[in-house]
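*Asks:* Please see the structure below; I have some questions.
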Amino acid sequence: MELETRYDPHAHEGDVYERWMQAGAFTPAKEAPEGADPFVIMIPPPNVTGVLHMGHALNGTLQDVLVRFHRMRGRDALWVPGTDHAGIATQAVVEKKLFAEERKTRQELGREAFVERVWDWKEEHGNKILEQFRRLGSSCDWTRTRFTLEPDMSRAVREAFVTLWERDLIYRGARIVHWDCVLQTAVSDDEVEMVERKSKLYYLKYPVKDAAGEQVTVATTRPETMLGDTGVAVNPSDERYGALVGKTLVLPFLDREIPIVADDSVDASFGTGAVKVTPGHDPADYERGARHGLPVLNVLNRDGTLNEEAGPFAGKSREQARKEVCEGLEELGLLEKVEDYVHNVPISDRSKSPIEPLVSEQWFVKMEPLAQPAIQAVKTGALTIRPERWTKVYLDWLENVQDWCISRQLWWGHRVPVWYDEDGVPFASREDVEIGSPHPKTGKPIVRQDEDVLDTWASSWLWPFATLGWPDKTPDLERFYPTQFLSTAREIIYLWVARMVMAGYALLDHLPEEKRCPFSTCYIHATVLDAKGKRMSKSAGNGIDPLDLIEQYGADAVRLSLVLLTREGQDVKLAPDRMEMGRRFTNKIWNAARFVMQNLEGERTEVGAGTPTLLEDRWILSRLARTTAEVTEALEGFRFNDGATALYKFVWNDFCDWYLELVKSRLGEGDSDSAKTARGTLALVLETSLKLLHPFTPFQSEVLYGALRERLGASNGEMLVRAAWPAGERLAVDEAAEADLDVVRELVGAVRSIRALTMVADRMPLAALVIAPSAETRRVLDECHERARALAFLSQLEVAEAGERPPASAVGVASGMEVFVSLGDGVDLEKLKETLERRVAKLEKGTAGAEGKLANKGFVERADPDVVQAERDRLEEMQGELELLRRNLSGL
RNA sequence: GGGCCAUUAGCUCAGCUGGCUAGAGCGCUACGUUGACAUCGUAGAGGUCAGUGGUUCGAGUCCACUAUGGCCCACCA
């Protein structure tokens, strides 16, 4: 196969993915390999309505890197994909479409027909996001794709519901809930966002009963809710109102008599110190009302208009009522004043409309008992959350957990599996119940099923095991549960992560305690921000579409860039051009591979032929061994960035910059042992590098691996995706080789520095460069000088015997070697002098620091002996260089 | 009102449990290559590591406070 000079991702990605699919490369073998531990990830199911955003792209990359890594390491690897039915979001999308296209509301269509429409929509559009995950290269087992509303999931959801019901952990209650007046459903605490809004603070006067002219002023932001007031509260220690507690007020408009009560929760310093109590429409008031036995009055309809309880204001919208209430009070002389006021208003995440706290009948799950094991999970280490600081967030929520309102007044979702008899006595059932059949307890006929559906999270909290077939004890459940890794966004630590842990402990009671936690590591990935550090959002229009990036740079470059840019626990600011890093690197790999393969023409069948004895061969193999260990350790510890960085440095700075250059002249030697070894080493290093790269750049590494095997004549169609992770006897760290090559690099560097100094002085090239090596370094030079010649800058180098000291204008030192430079004519001595002086100053500072350190007893006695020795060596070196530079300076 | 996170080169960021003369990529400058690489290589300029105090033989790294920016939680009507 001919490789183009520039890597073109689009020429390969589609084909490669297709080959993986045809080979079933992502589906675990029927039987788990002997002795292989599972490595399982459940994808956080994206909404079916969703399109891939940068957060998905990052998260998908991280999960894929790990799954591919562990698959290659021989673990029984599985990554289960799927989507979430996302009750409110999906229903809203379809409702909107229905109205736009047919001018119909869901009510006009009817429940059954509407749900049918949603399914139609799902079949048509619901796979989009999973397709996009494929573009990214995700190696999910697509044969196991799940959907949170499919029939098997319904069984799981019912099993969970009924189990909790039987344990008395589910109850129906009138509670104040967050009501979304647009979507006309209850939403959970976690779906509410507090948004700062400018508004007014109204001071209302309520007359005291039987006390002509006496009034109490309350401050409120919601004057229209005064119609639902059933009391006024003051702080018991507030002297202003002491005498009034126990007296009665008369509510304007309605003439309702309401008591003044004393309650600690009232802040005497806010407003007037007196607060109206509206238990039906304010969570805090609900609590206060309950403490004082005040009645709960609901003055709102489900759409947010006022109901008949509101007397003259019935039927008005909230906004209209507010206006009219104020006007009315004004007329009555009961509006004291209105102030500007900024406060936080609860807004529904889903409809973006203001939440109305409303008392209504809902289903709740008692959370406290479920929370205990989830708290224990992190305390015992069964669950590790990374970065660690999120543990506290997780625990804080669990330790103060509120009961979970699980009913939603929607149609798209799992219907609450509760049926009622004619007296309204409920019971929960795993099976559908026929209308008319007898209630198992009361014996009376069943008349209806509960109309509500369950919160979406009431299915997704079962995800880690419902995807494996639970409640049946399937082979998959046995083999793949619990999972090892969950990677998700911080926003859903409460909504999802904590609840999955609870569900695992509560519902998988056939398993021993230590196997119930659904995942052992929960990784909270970075948030992807825009270039200015703002959150990407549709409404702000600052989002970057990952598919555009893939289109432009290729999936591998995007994956690599994301991993290189993201360090654990730190958000990442992203601009499209940051993908350049990945693009350049993938192009570099491509060309290095091309070069290697061009030199492997012919009959070679064995990778890594010959025993390397030459320094550079030993060196690169040692570096390869070290890099292999680094990448392996990094990925085992979920340090993605470290792994990618180690590879980047190895491939680019060691392999391409040095090894390929050093080996070029040998490659022309035909059949010499030296040439053979070079070719073998090249092939081995390339092949191993491709394996290490595969988790990060799966497409490109697969293409190059195929090409390499073909070139070696060793191809039998095997794919890199299933290759074994590098390990073994050929890869050992050779410290001597690394140290020796460091000397060479340093030497070359020193020559370049001296040369650069003169070039700074004037662009004149050097008249001559002479090196007088010590006996020790001479050995190393002899070994590699010929190869080093291949480097352009070394072609000017002449090696002299020690002791032959040529006249020099500048002298440098490197690894015990003196480097003499004689300057050509026309050098700007002033500039050279300046440069040298700066260098001297820097060195003086350095030596002073080192001397101080070594003069310090504490350091010498307590520090690691190696560190002290290194410090001495460093000082000596600096002193030597300093001395030479001073000599240079005085000679100028 | 609590809590968390950041602040290191012009830009984006690395610097793990305190210990080489504080690094990388991009950008900039110079030179060299253009027979693996519509490039690549080498070198250079550029930093009082936000500020103040403390612990220590030694602090970018640990502690306290301050400043700036960002995020999360919370029933102040």
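Convention: chains lettered A, B, ... in structure tokens order; per-chain residue numbering from 1; ligands numbered from 1 as shown.
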So which residues touch Ala555 of chain A within 10 Å, counting only C-alpha atoms (C1' of nucleotides), skipping near sequence neighbours fewer than 3 positions away, as a PyMOL selection string?
*Replies:* chain A and resi 9-10+13+57+61+134-137+546-547+549-552+558-561+582-583+696-700
*Asks:* Would you list which chain B residues are within 7 Å of chain A using only C-alpha atoms (C1' of nucleotides), as a ChimeraX atom specification?
*Replies:* /B:20-21,36-37,43,57,75-77
*Asks:* Out of segment 161-303 of chain A, which residues get strand (DSSP E) from DSSP, as a ChimeraX atom specification?
*Replies:* /A:170-180,185-187,192-207,215-220,231-234,248-251,256-262,274-277
*Asks:* For the residues in the current selection, export C-alpha atoms as a compact mmCIF listing (two decimals), in the first residue's frame.
*Replies:*
```
# COMPACT_ATOMS: atom_id res chain seq x y z
CA ILE A 170 -42.08 4.58 48.33
CA TYR A 171 -44.90 6.79 49.41
CA ARG A 172 -47.42 9.15 47.95
CA GLY A 173 -47.67 12.47 49.58
CA ALA A 174 -48.82 16.00 49.27
CA ARG A 175 -45.66 17.94 49.21
CA ILE A 176 -44.52 21.20 47.94
CA VAL A 177 -42.80 20.48 44.67
CA HIS A 178 -41.24 22.52 41.92
CA TRP A 179 -43.94 22.99 39.35
CA ASP A 180 -43.14 23.83 35.79
CA THR A 185 -45.25 18.75 35.52
CA ALA A 186 -43.38 18.48 38.75
CA VAL A 187 -39.62 18.60 38.38
CA VAL A 192 -34.08 23.72 39.04
CA GLU A 193 -31.54 26.42 38.53
CA MET A 194 -31.37 29.59 40.57
CA VAL A 195 -30.98 32.59 38.32
CA GLU A 196 -30.34 36.10 39.47
CA ARG A 197 -33.13 38.44 38.40
CA LYS A 198 -33.89 42.08 39.00
CA SER A 199 -37.24 42.49 40.63
CA LYS A 200 -39.07 44.44 43.32
CA LEU A 201 -39.62 44.05 47.00
CA TYR A 202 -43.17 45.03 47.91
CA TYR A 203 -44.18 46.17 51.39
CA LEU A 204 -47.77 45.18 52.12
CA LYS A 205 -49.81 46.30 55.10
CA TYR A 206 -52.22 43.88 56.75
CA PRO A 207 -54.75 45.38 59.19
CA GLN A 215 -51.31 47.33 60.76
CA VAL A 216 -48.43 44.95 60.23
CA THR A 217 -46.19 45.45 57.20
CA VAL A 218 -44.67 42.45 55.46
CA ALA A 219 -42.13 42.49 52.67
CA THR A 220 -42.46 40.15 49.71
CA GLY A 231 -50.39 33.50 58.58
CA VAL A 232 -47.68 36.04 59.29
CA ALA A 233 -44.52 35.08 61.15
CA VAL A 234 -42.08 37.11 63.21
CA THR A 248 -55.08 38.05 64.22
CA LEU A 249 -54.73 39.91 60.94
CA VAL A 250 -57.28 40.39 58.26
CA LEU A 251 -56.11 39.57 54.77
CA ARG A 256 -59.48 35.93 55.72
CA GLU A 257 -58.37 35.97 59.32
CA ILE A 258 -54.81 34.85 59.76
CA PRO A 259 -52.72 34.54 62.93
CA ILE A 260 -49.40 36.11 63.80
CA VAL A 261 -46.99 33.40 64.87
CA ALA A 262 -43.47 33.44 66.26
CA ALA A 274 -42.47 40.19 59.55
CA VAL A 275 -42.96 37.62 56.84
CA LYS A 276 -46.17 36.51 55.24
CA VAL A 277 -46.64 32.76 55.36
```
*Asks:* Compile the contact shell of segment 3-10 of chain B as a list of chain:residue names: residues with an atom at most 9 Å away, counting only C-alpha atoms (C1' of nucleotides), same-chain residues fewer than 3 positions apart removed.
*Replies:*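 Neighbouring residues, sequence-local ones excluded: A:Arg389, A:Trp390, A:Val393, A:Gly569, A:Gln570, B:A22, B:G27, B:C28, B:G46, B:G47, B:C49, B:A50, B:G60, B:U68, B:G69, B:G70, B:C71, B:C72, B:C73.
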*Asks:* Nearest to Thr456 of chain A among A:His85, A:Arg430, A:Arg158, A:Lys128, with distances taken over only C-alpha atoms: which residue is it?
*Replies:* A:His85
*Asks:* Using DSSP on the backbone coordinates, identify all residues within segment 484-716 of chain A classified as helix (DSSP H, G or I); present the result as a ChimeraX atom specification.
*Replies:* /A:490-507,513-515,546-553,555-565,576-598,615-636,640-667,673-693,698-711
*Asks:* Env of segment 372-386 of chain A: 12 Å cut, atoms = only C-alpha atoms (C1' of nucleotides), seq-sep filter 6 positions within chain, self excluded. Answer as a ChimeraX atom specification.
*Replies:* /A:366,392-401,482-490,493-494,497-507,513-526,567-570,637-639
*Asks:* Identify, on the basis of only C-alpha atoms (C1' of nucleotides), every residue whose closest approach to A64 of chain B does not exceed 12 Å; exclude the query and any residue fewer than 4 positions from it along the same chain; express the result as an NGL selection string.
*Replies:* :B and (52-55)
*Asks:* With only C-alpha atoms (C1' of nucleotides) as the counted atoms, please give the residues lying no more than 8 Å from Met72 of chain A, apart from itself and same-chain residues fewer than 5 positions off, as a VMD selection string.
*Replies:* chain A and resid 721 to 725
*Asks:* Would you mind exporting all heavy atoms of the selected residues as a short mmCIF file (atom, residue, chain, number, x, y, z; two decimals), in the first residue's frame?
*Replies:*
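Done, and the output landed in out_24.cif:
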```
data_model
loop_
_atom_site.label_atom_id
_atom_site.label_comp_id
_atom_site.auth_asym_id
_atom_site.auth_seq_id
_atom_site.Cartn_x
_atom_site.Cartn_y
_atom_site.Cartn_z
N VAL A 721 -6.36 -3.59 16.72
CA VAL A 721 -7.35 -3.46 17.77
C VAL A 721 -7.34 -4.68 18.69
O VAL A 721 -7.69 -4.59 19.87
CB VAL A 721 -8.76 -3.24 17.16
CG1 VAL A 721 -9.24 -4.48 16.43
CG2 VAL A 721 -9.75 -2.79 18.21
N ARG A 722 -6.90 -5.81 18.15
CA ARG A 722 -6.87 -7.02 18.98
C ARG A 722 -5.46 -7.45 19.35
O ARG A 722 -5.26 -8.53 19.90
CB ARG A 722 -7.56 -8.15 18.23
CG ARG A 722 -9.05 -8.01 18.30
CD ARG A 722 -9.71 -9.21 17.71
NE ARG A 722 -11.08 -9.32 18.19
CZ ARG A 722 -12.03 -9.94 17.49
NH1 ARG A 722 -11.76 -10.49 16.34
NH2 ARG A 722 -13.23 -10.02 17.99
N ALA A 723 -4.49 -6.66 18.98
CA ALA A 723 -3.11 -7.04 19.28
C ALA A 723 -2.85 -6.96 20.78
O ALA A 723 -3.60 -6.33 21.52
CB ALA A 723 -2.15 -6.10 18.54
N ALA A 724 -1.79 -7.63 21.19
CA ALA A 724 -1.47 -7.63 22.61
C ALA A 724 -0.66 -6.38 22.95
O ALA A 724 0.17 -5.93 22.18
CB ALA A 724 -0.68 -8.87 22.97
N TRP A 725 -0.91 -5.84 24.10
CA TRP A 725 -0.17 -4.68 24.60
C TRP A 725 1.30 -5.05 24.76
O TRP A 725 1.60 -6.15 25.23
CB TRP A 725 -0.78 -4.25 25.93
CG TRP A 725 -0.28 -2.94 26.44
CD1 TRP A 725 0.58 -2.77 27.50
CD2 TRP A 725 -0.62 -1.64 25.97
NE1 TRP A 725 0.79 -1.42 27.69
CE2 TRP A 725 0.07 -0.71 26.77
CE3 TRP A 725 -1.43 -1.17 24.94
CZ2 TRP A 725 -0.03 0.66 26.57
CZ3 TRP A 725 -1.52 0.19 24.74
CH2 TRP A 725 -0.83 1.10 25.56
#
```
*Asks:* Under the rule that only C-alpha atoms (C1' of nucleotides) are counted, which of A:Leu564, A:Val245, A:Leu635, A:Leu329 is the nearest residue to A14 of chain B?
*Replies:*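 With only C-alpha atoms (C1' of nucleotides) as the atom set, the closest residue is A:Leu564.
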